[in-house]
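One file, entry_25.cif, carrying mmCIF, C-alpha atoms:
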```cif
data_structure
loop_
_atom_site.label_atom_id
_atom_site.label_comp_id
_atom_site.auth_asym_id
_atom_site.auth_seq_id
_atom_site.Cartn_x
_atom_site.Cartn_y
_atom_site.Cartn_z
CA MET W 249 18.01 -23.95 -24.38
CA ILE W 250 16.05 -22.65 -27.39
CA LEU W 251 12.73 -24.08 -28.55
CA VAL W 252 10.76 -22.96 -31.59
CA ASP W 253 7.27 -22.32 -30.30
CA ARG W 254 5.56 -21.34 -33.52
CA HIS W 255 6.35 -21.00 -37.19
CA THR W 256 3.88 -19.63 -39.71
CA ARG W 257 4.09 -18.58 -43.32
CA SER W 258 1.08 -18.17 -45.57
CA GLY W 259 1.50 -17.85 -49.33
CA GLN W 260 4.18 -15.32 -50.16
CA GLY W 261 3.75 -13.40 -46.89
CA PRO W 262 6.32 -12.88 -44.17
CA PHE W 263 7.95 -15.73 -42.25
CA HIS W 264 6.97 -15.54 -38.57
CA ALA W 265 8.53 -17.60 -35.78
CA THR W 266 8.40 -17.35 -32.00
CA LEU W 267 11.17 -18.93 -29.93
CA ARG W 268 11.30 -19.80 -26.25
CA ILE W 269 14.64 -19.36 -24.52
CA MET W 270 15.74 -20.61 -21.12
CA PRO W 271 19.08 -18.93 -20.29
CA ALA W 272 21.83 -20.85 -18.52
CA SER W 273 23.38 -17.84 -16.76
CA ARG W 274 22.56 -14.30 -15.71
CA ILE W 275 24.49 -12.70 -18.59
CA GLU W 276 24.32 -14.63 -21.83
CA LEU W 277 24.36 -14.16 -25.60
CA ILE W 278 22.06 -16.43 -27.62
CA ASN W 279 22.42 -16.64 -31.40
CA VAL W 280 18.78 -16.55 -32.50
CA ARG W 281 19.58 -16.24 -36.19
CA GLY W 282 21.82 -19.30 -35.97
CA LYS W 283 18.94 -21.32 -34.51
CA LEU W 284 16.59 -20.21 -37.31
CA LEU W 285 19.18 -21.03 -39.98
CA GLU W 286 19.62 -24.47 -38.44
CA GLU W 287 15.90 -25.10 -38.05
CA PHE W 288 14.44 -23.69 -41.27
CA GLY W 289 17.27 -23.23 -43.79
CA ASP W 290 15.93 -21.90 -47.10
CA ASP W 291 12.50 -21.16 -45.64
CA PHE W 292 14.21 -18.47 -43.59
CA THR W 293 17.16 -17.40 -45.75
CA LYS W 294 14.99 -16.79 -48.85
CA TYR W 295 13.98 -13.50 -47.23
CA THR W 296 16.37 -10.57 -47.37
CA ARG W 297 15.29 -8.75 -44.21
CA SER W 298 14.38 -9.74 -40.67
CA PHE W 299 12.93 -8.01 -37.62
CA TYR W 300 13.90 -9.34 -34.18
CA ILE W 301 11.56 -8.68 -31.26
CA SER W 302 12.13 -9.16 -27.54
CA ASN W 303 9.22 -9.24 -25.08
CA HIS W 304 11.45 -8.26 -22.17
CA THR W 305 13.04 -5.27 -20.42
CA THR W 306 16.35 -6.86 -19.39
CA ALA W 307 16.97 -8.82 -22.60
CA GLY W 308 17.03 -7.48 -26.14
CA TYR W 309 19.03 -6.80 -29.28
CA LEU W 310 21.79 -4.50 -30.48
CA ASP W 311 21.02 -2.49 -33.57
CA GLN W 312 22.79 -3.74 -36.68
CA ARG W 313 25.19 -0.79 -36.91
CA LEU W 314 26.55 -1.34 -33.41
CA ALA W 315 26.71 -5.11 -33.95
CA GLU W 316 28.76 -4.47 -37.10
CA LEU W 317 31.12 -2.12 -35.23
CA LEU W 318 31.70 -4.98 -32.81
CA GLU W 319 32.08 -7.35 -35.79
CA HIS W 320 29.16 -9.50 -34.62
CA ASP W 321 31.68 -11.08 -32.26
CA GLY W 322 30.28 -12.47 -29.01
CA ARG W 323 33.45 -11.75 -27.05
CA GLY W 324 33.56 -8.15 -28.23
CA ILE W 325 29.89 -7.65 -27.38
CA LYS W 326 30.42 -9.08 -23.89
CA GLY W 327 33.36 -6.74 -23.41
CA TYR W 328 31.23 -3.78 -24.50
CA LEU W 329 28.47 -4.80 -22.06
CA GLN W 330 31.03 -5.25 -19.29
CA LEU W 331 31.77 -1.54 -19.36
CA PHE W 332 28.13 -0.77 -18.54
CA GLN W 333 28.06 -3.50 -15.93
CA GLU W 334 30.97 -1.63 -14.31
CA LEU W 335 29.02 1.63 -14.45
CA PHE W 336 25.87 -0.03 -13.09
CA PRO W 337 27.18 -2.81 -10.84
CA ALA W 338 24.97 -5.32 -9.08
CA GLY W 339 24.57 -4.52 -5.40
CA ALA W 340 24.77 -0.74 -5.59
CA ASP W 341 22.22 1.38 -3.72
CA TYR W 342 19.41 1.27 -6.30
CA THR W 343 16.04 2.55 -5.12
CA HIS W 344 14.34 0.04 -7.45
CA ASP W 345 15.91 -2.79 -5.43
CA ALA W 346 14.68 -1.52 -2.05
CA MET W 347 11.89 -4.07 -1.79
CA HIS W 348 10.25 -2.45 1.24
CA LEU W 349 9.47 0.53 -1.01
CA ARG W 350 7.86 -1.60 -3.75
CA SER W 351 4.26 -1.08 -2.63
CA GLU W 352 2.87 -2.58 -5.84
CA LEU W 353 4.25 -6.02 -4.84
CA SER W 354 2.77 -8.46 -2.36
CA GLU W 355 4.92 -9.84 0.46
CA GLU W 356 5.34 -13.09 -1.44
CA GLN W 357 6.33 -11.25 -4.62
CA ARG W 358 8.93 -9.19 -2.74
CA ASP W 359 10.59 -12.40 -1.58
CA LYS W 360 10.96 -13.62 -5.18
CA GLU W 361 11.46 -10.33 -7.05
CA PRO W 362 14.99 -10.15 -8.50
CA LEU W 363 17.29 -7.27 -7.58
CA ASN W 364 17.93 -6.20 -11.15
CA ALA W 365 18.04 -2.41 -11.41
CA ASP W 366 21.59 -2.83 -12.75
CA SER W 367 20.23 -4.93 -15.64
CA HIS W 368 17.60 -2.33 -16.53
CA LEU W 369 20.14 0.51 -16.51
CA THR W 370 22.64 -1.55 -18.53
CA PHE W 371 19.89 -2.27 -21.09
CA ILE W 372 19.10 1.45 -21.39
CA GLY W 373 22.67 2.73 -21.16
CA ALA W 374 24.20 0.25 -23.60
CA GLY W 375 21.54 1.05 -26.19
CA LEU W 376 19.82 -2.33 -26.32
CA HIS W 377 16.58 -2.45 -28.27
CA ASN W 378 13.24 -4.15 -27.73
CA SER W 379 13.31 -4.78 -31.49
CA ALA W 380 15.88 -4.40 -34.23
CA SER W 381 15.95 -4.71 -38.03
CA TYR W 382 18.72 -6.65 -39.77
CA GLU W 383 19.76 -7.19 -43.38
CA LEU W 384 22.31 -10.01 -43.51
CA GLY W 385 23.33 -12.24 -46.38
CA GLY W 386 25.83 -14.59 -44.81
CA SER W 387 26.00 -16.63 -41.62
CA GLU W 388 26.48 -13.67 -39.25
CA PRO W 389 24.84 -14.19 -35.87
CA VAL W 390 22.09 -12.03 -34.41
CA TRP W 391 22.50 -12.08 -30.65
CA PHE W 392 19.66 -12.07 -28.13
CA VAL W 393 21.41 -10.28 -25.25
CA GLU W 394 20.32 -11.61 -21.86
CA LEU W 395 21.17 -9.46 -18.81
CA ASP W 396 19.15 -11.13 -16.05
CA GLY W 397 18.62 -14.75 -17.05
CA VAL W 398 19.20 -16.47 -13.71
CA HIS W 399 18.50 -14.92 -10.32
CA VAL W 400 17.77 -15.93 -6.72
CA GLY W 401 14.14 -16.66 -7.56
CA GLY W 402 14.96 -18.99 -10.44
CA THR W 403 15.54 -19.01 -14.20
CA ARG W 404 13.82 -16.72 -16.69
CA HIS W 405 11.58 -18.02 -19.45
CA ARG W 406 12.11 -15.70 -22.41
CA ARG W 407 10.23 -15.28 -25.68
CA THR W 408 11.48 -13.67 -28.85
CA THR W 409 9.74 -13.31 -32.19
CA VAL W 410 11.33 -12.99 -35.62
CA VAL W 411 9.57 -11.76 -38.76
CA ALA W 412 11.43 -12.26 -42.06
CA TYR W 413 10.31 -10.52 -45.24
CA ASP W 414 11.52 -9.15 -48.57
CA GLN W 415 10.31 -5.59 -48.79
CA GLU W 416 8.79 -2.88 -46.66
CA GLU W 417 6.55 -0.02 -47.65
CA GLU W 418 5.68 3.12 -45.75
CA VAL W 419 1.91 3.37 -45.46
CA ALA W 420 1.51 6.35 -43.12
CA SER W 421 3.44 8.99 -41.21
CA ALA W 422 2.44 11.60 -38.67
CA ARG W 423 3.83 14.05 -36.13
CA VAL W 424 2.21 13.41 -32.76
CA SER W 425 2.42 15.87 -29.86
CA VAL W 426 2.37 14.73 -26.25
CA LYS W 427 2.30 16.77 -23.07
CA ALA W 428 5.80 17.01 -21.61
CA SER W 429 6.67 16.51 -17.98
CA PRO W 430 6.95 19.72 -15.90
CA HIS W 431 10.06 18.27 -14.21
CA PRO W 432 13.40 19.09 -15.88
CA ILE W 433 14.73 15.54 -15.46
CA ASP W 434 12.01 12.95 -15.84
CA ALA W 435 10.73 9.87 -17.67
CA GLN W 436 7.22 9.57 -19.10
CA ASN W 437 5.34 6.39 -19.87
CA LEU W 438 4.09 6.75 -23.45
CA ARG W 439 1.88 3.72 -22.87
CA ASP W 440 -0.24 5.81 -20.47
CA PRO W 441 -3.69 6.00 -22.12
CA ASP W 442 -4.15 9.58 -20.86
CA LEU W 443 -1.41 10.73 -23.25
CA GLY W 444 -3.30 9.23 -26.21
CA PHE W 445 -0.10 8.22 -27.99
CA ILE W 446 -0.68 4.47 -28.26
CA GLY W 447 -4.33 5.00 -29.18
CA THR W 448 -3.17 7.10 -32.13
CA LEU W 449 -0.78 4.36 -33.26
CA GLN W 450 -3.37 1.59 -33.02
CA SER W 451 -5.82 3.70 -35.04
CA MET W 452 -3.20 4.00 -37.79
CA VAL W 453 -2.78 0.21 -37.87
CA GLU W 454 -6.53 -0.32 -38.20
CA GLU W 455 -6.99 2.42 -40.78
CA HIS W 456 -4.33 0.99 -43.09
CA GLY W 457 -4.96 -2.71 -42.44
CA VAL W 458 -1.37 -3.64 -41.53
CA SER W 459 -0.96 -7.27 -40.41
CA PHE W 460 2.82 -7.41 -40.07
CA GLY W 461 4.94 -4.31 -39.88
CA ARG W 462 6.75 -1.82 -37.72
CA PHE W 463 6.31 1.59 -36.18
CA ASP W 464 9.41 3.79 -36.23
CA VAL W 465 9.11 6.51 -33.59
CA SER W 466 11.70 9.28 -33.36
CA LEU W 467 12.33 12.69 -31.89
CA PRO W 468 12.55 15.50 -34.46
CA GLU W 469 15.90 17.30 -34.63
CA GLU W 470 14.53 20.34 -32.83
CA GLU W 471 13.55 18.26 -29.79
CA GLU W 472 16.61 18.69 -27.60
CA HIS W 473 17.68 17.22 -24.25
CA ALA W 474 15.48 14.16 -24.65
CA GLY W 475 15.76 10.49 -25.55
CA LEU W 476 13.61 7.43 -26.10
CA THR W 477 13.78 3.86 -24.88
CA VAL W 478 11.53 0.87 -24.32
CA ASN W 479 11.77 -0.61 -20.84
CA GLU W 480 9.88 -1.22 -17.60
CA TYR W 481 8.13 1.92 -16.40
CA GLU W 482 8.58 1.20 -12.71
CA ALA W 483 8.23 4.35 -10.61
CA LEU W 484 11.32 3.89 -8.43
CA LEU W 485 13.53 2.91 -11.37
CA MET W 486 12.40 5.84 -13.51
CA ASN W 487 12.05 8.52 -10.85
CA TYR W 488 15.22 7.78 -8.89
CA ASP W 489 17.75 5.43 -10.46
CA LEU W 490 17.51 6.62 -14.07
CA ARG W 491 17.50 10.26 -12.98
CA ASP W 492 20.60 9.64 -10.87
CA ALA W 493 22.33 7.97 -13.82
CA LEU W 494 21.55 10.95 -16.05
CA ARG W 495 22.87 13.42 -13.48
CA ASN W 496 26.06 11.43 -12.90
CA PRO W 497 26.71 8.22 -14.86
CA PHE W 498 29.49 7.19 -12.44
CA ARG W 499 27.47 7.45 -9.23
CA PHE W 500 26.59 3.77 -8.79
CA MET W 501 30.06 2.69 -9.78
CA ALA W 502 31.52 4.87 -7.02
CA GLN W 503 29.21 3.30 -4.41
CA THR W 504 30.86 -0.09 -4.76
CA GLY W 505 34.11 1.31 -3.35
CA LYS W 506 36.14 0.80 -6.53
CA ASP W 507 39.08 3.16 -6.91
CA VAL W 508 37.96 4.96 -10.04
CA THR W 509 39.25 8.51 -9.69
CA ALA W 510 39.61 11.27 -7.12
CA VAL W 511 37.01 13.16 -9.13
CA LEU W 512 34.30 10.87 -7.80
CA ARG W 513 35.42 11.32 -4.23
CA ASP W 514 35.06 15.10 -4.56
CA PRO W 515 31.43 15.82 -5.50
CA ARG W 516 32.28 19.45 -6.26
CA THR W 517 33.89 18.34 -9.52
CA ILE W 518 30.58 16.95 -10.83
CA PRO W 519 27.86 19.54 -10.09
CA ALA W 520 24.48 17.96 -9.31
CA LYS W 521 22.77 20.08 -11.98
CA ALA W 522 25.21 19.14 -14.72
CA VAL W 523 24.16 16.47 -17.15
CA ASN W 524 27.18 16.76 -19.45
CA PHE W 525 30.27 16.02 -17.37
CA ALA W 526 33.84 17.11 -18.10
CA GLN W 527 35.16 14.96 -20.93
CA TYR W 528 38.61 14.66 -19.37
CA ASP W 529 37.08 13.11 -16.24
CA ALA W 530 35.04 10.73 -18.38
CA PHE W 531 38.10 9.56 -20.29
CA TYR W 532 40.07 9.17 -17.08
CA VAL W 533 37.46 6.96 -15.44
CA LEU W 534 36.77 4.86 -18.52
CA ASN W 535 40.44 4.29 -19.19
CA GLN W 536 40.79 2.88 -15.68
CA VAL W 537 37.80 0.61 -16.27
CA LEU W 538 39.18 -0.60 -19.60
CA ASP W 539 42.51 -1.35 -17.93
CA ARG W 540 40.85 -3.29 -15.13
CA ILE W 541 38.73 -5.45 -17.40
CA ARG W 542 41.70 -5.89 -19.77
CA LEU W 543 40.13 -4.44 -22.89
CA ARG W 544 43.00 -2.12 -23.80
CA ASP W 545 43.85 -1.86 -27.54
CA SER W 546 40.66 -3.72 -28.38
CA LEU W 547 37.80 -3.07 -30.74
CA VAL W 548 35.66 -2.38 -27.67
CA GLU W 549 38.00 0.44 -26.60
CA ARG W 550 37.66 2.09 -29.99
CA VAL W 551 33.87 1.90 -29.85
CA VAL W 552 33.76 3.25 -26.29
CA ASN W 553 36.17 6.10 -27.01
CA LYS W 554 34.03 7.14 -29.95
CA ALA W 555 30.95 7.16 -27.73
CA VAL W 556 32.45 9.10 -24.82
CA ALA W 557 33.72 11.85 -27.09
CA LEU W 558 30.07 12.93 -27.33
CA PRO W 559 27.80 14.41 -24.63
CA VAL W 560 26.57 12.16 -21.85
CA SER W 561 23.29 11.50 -23.65
CA HIS W 562 25.25 9.74 -26.40
CA PHE W 563 27.69 8.14 -24.00
CA LEU W 564 24.72 6.45 -22.33
CA ARG W 565 23.44 5.76 -25.85
CA MET W 566 20.07 7.35 -25.07
CA LYS W 567 18.38 6.72 -28.34
CA ARG W 568 16.51 9.26 -30.42
CA GLY W 569 14.06 6.63 -31.57
CA PHE W 570 12.67 3.15 -31.13
CA SER W 571 10.60 0.66 -33.12
CA LEU W 572 7.44 -1.17 -32.12
CA PRO W 573 6.28 -4.32 -33.91
CA VAL W 574 2.88 -4.78 -35.49
CA LEU W 575 1.91 -8.47 -35.44
CA ASP W 576 -0.99 -10.63 -36.53
CA ARG W 577 -1.06 -12.72 -33.36
CA ARG W 578 -4.42 -14.42 -34.01
CA GLY W 579 -3.77 -15.32 -37.62
CA ASP W 580 -6.86 -13.51 -38.91
CA GLY W 581 -5.06 -10.66 -40.65
CA THR W 582 -5.62 -8.18 -37.80
CA GLY W 583 -2.47 -6.41 -36.71
CA GLU W 584 -1.83 -5.13 -33.22
CA ILE W 585 1.09 -3.46 -31.49
CA GLY W 586 3.21 -6.17 -29.89
CA TRP W 587 5.00 -5.90 -26.57
CA GLY W 588 5.66 -7.79 -23.40
CA THR W 589 3.74 -7.35 -20.18
CA TYR W 590 6.24 -4.97 -18.60
CA GLN W 591 7.41 -3.12 -21.70
CA SER W 592 6.58 0.55 -22.18
CA PRO W 593 7.87 3.13 -24.63
CA ILE W 594 9.45 5.84 -22.45
CA LEU W 595 10.28 9.48 -23.19
CA VAL W 596 13.23 10.65 -21.10
CA GLN W 597 14.22 14.30 -20.74
CA TRP W 598 17.11 15.91 -18.89
CA LYS W 599 15.97 19.49 -19.49
CA GLY W 600 12.39 20.73 -19.62
CA ALA W 601 10.62 21.32 -22.93
CA ARG W 602 10.09 24.98 -23.78
CA GLN W 603 6.38 24.76 -24.56
CA ARG W 604 5.64 21.88 -22.18
CA MET W 605 4.99 19.71 -25.25
CA ARG W 606 7.14 17.18 -27.08
CA ALA W 607 6.75 16.17 -30.73
CA LEU W 608 7.26 12.59 -31.92
CA ASP W 609 7.58 11.59 -35.57
CA VAL W 610 5.77 8.33 -36.31
CA ARG W 611 6.22 6.18 -39.39
CA LEU W 612 4.17 3.02 -40.07
CA VAL W 613 5.77 0.41 -42.34
CA ARG W 614 4.16 -2.74 -43.79
CA PHE W 615 6.25 -5.90 -44.31
CA VAL W 616 5.64 -7.53 -47.71
#
```
Take the structure in this file and express it as structure tokens.
Amino acid sequence: MILVDRHTRSGQGPFHATLRIMPASRIELINVRGKLLEEFGDDFTKYTRSFYISNHTTAGYLDQRLAELLEHDGRGIKGYLQLFQELFPAGADYTHDAMHLRSELSEEQRDKEPLNADSHLTFIGAGLHNSASYELGGSEPVWFVELDGVHVGGTRHRRTTVVAYDQEEEVASARVSVKASPHPIDAQNLRDPDLGFIGTLQSMVEEHGVSFGRFDVSLPEEEEHAGLTVNEYEALLMNYDLRDALRNPFRFMAQTGKDVTAVLRDPRTIPAKAVNFAQYDAFYVLNQVLDRIRLRDSLVERVVNKAVALPVSHFLRMKRGFSLPVLDRRGDGTGEIGWGTYQSPILVQWKGARQRMRALDVRLVRFV
């Protein structure tokens, strides 16, 4: 079920709509662009560009390039996601899902909290985005990808916002340094006020008076062994499950007892310190998975084979950048960085930074 919660457009400014989604199943694709075309027609299609924003950490969007590789086809996208669901299966031994360790939750919350570490890792591994820019001229769908829509505690209530506009202009750019983690494999919450990163971004918004726009944040080329994502910064998920996935992407898959390869049954073949695993072993395992889920000779196989030919950081599609929306939520022309309650920009590293500092390139764009 999709309901349009709000629709605003003043003068010649951007189109802005917020939609409420109630998924019908745990894994689901919802065509948000199709709903907007149906609901608003020319009011929406008159704009050449659109920015899709998810408020959630287990539901988001593919970037346009990957969606195009998969031909915007829902079946192909589900097949692509299925590979990562195989790598991060529900019911594996995720520390995030050990409710007795979740000290931040009350007893009542623990009873209702979904066991969804697999959804978080699939979101990160498959390269889903909290927000994504699209330029489409036809009737192609833009899919809101839901990974945890229905669980034991009930059905999710999702919100997604779309801003449509004609042009964008860069109003500011900066290189921001943040203190790196002393741990070789770690994840840092860039929303932590002590790092000062988000404060710097909000100051840029205020200085340049941006009402609707986007921050593009990326790692410079010289920043190696690191990636960026936007997800839930939950200590057990970040400090245990994500680290384990970076050390050995097949670990959780092996726990389910599936016959993947003798390599996984002999830990000596995948050293604990190694982040980039032997490519032959990767191909061997993935070919077995593709056979089992019957995706041989498919578009999905071609996309996956292209990904696994690269180091593990690319295989897991650890991104080198992310975008954050700037929205005028109150309608008074004041822009603020938009995100959901549990969303945080996260800097992940799998080898320590040389100077114990990491640089981030920041670009602020105004929608016009």
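Summary of the local environment: counting only C-alpha atoms, residues at most 12 Å from Glu286 (chain W), other than itself and those fewer than 5 positions away along its chain, are Ile250, Val252, Asn279, Val280, Arg281, Asp291, Phe292, Thr293, Ser387 and Pro389 of chain W.
As for CA of Glu472 (chain W) and CA of Asn487 (chain W), they are spaced 20.1 Å apart.
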Neighbouring residues of Pro337 (chain W) were defined as those with any atom within 10 Å, considering all atoms listed in the file; residues of the same chain fewer than 4 positions away were excluded. Please report them as a ChimeraX atom specification.
/W:330-333,341-342,364-367,369-370,500-504
Could you state which residues are captured by the PyMOL selection byres ((chain W and resi 464-467) around 10) in this file, as a ChimeraX atom specification?
/W:421-424,461-463,468-472,474-476,567-573,593,595,606-613
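Reported to one decimal place, the separation of CA of Val411 (chain W) from CA of Gly282 (chain W) is 14.7 Å.
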Taking all atoms listed in the file into account, name the residue in W:Glu454, W:Glu334, W:Glu355, W:Glu316 that is nearest to Ala420 (chain W).
W:Glu454
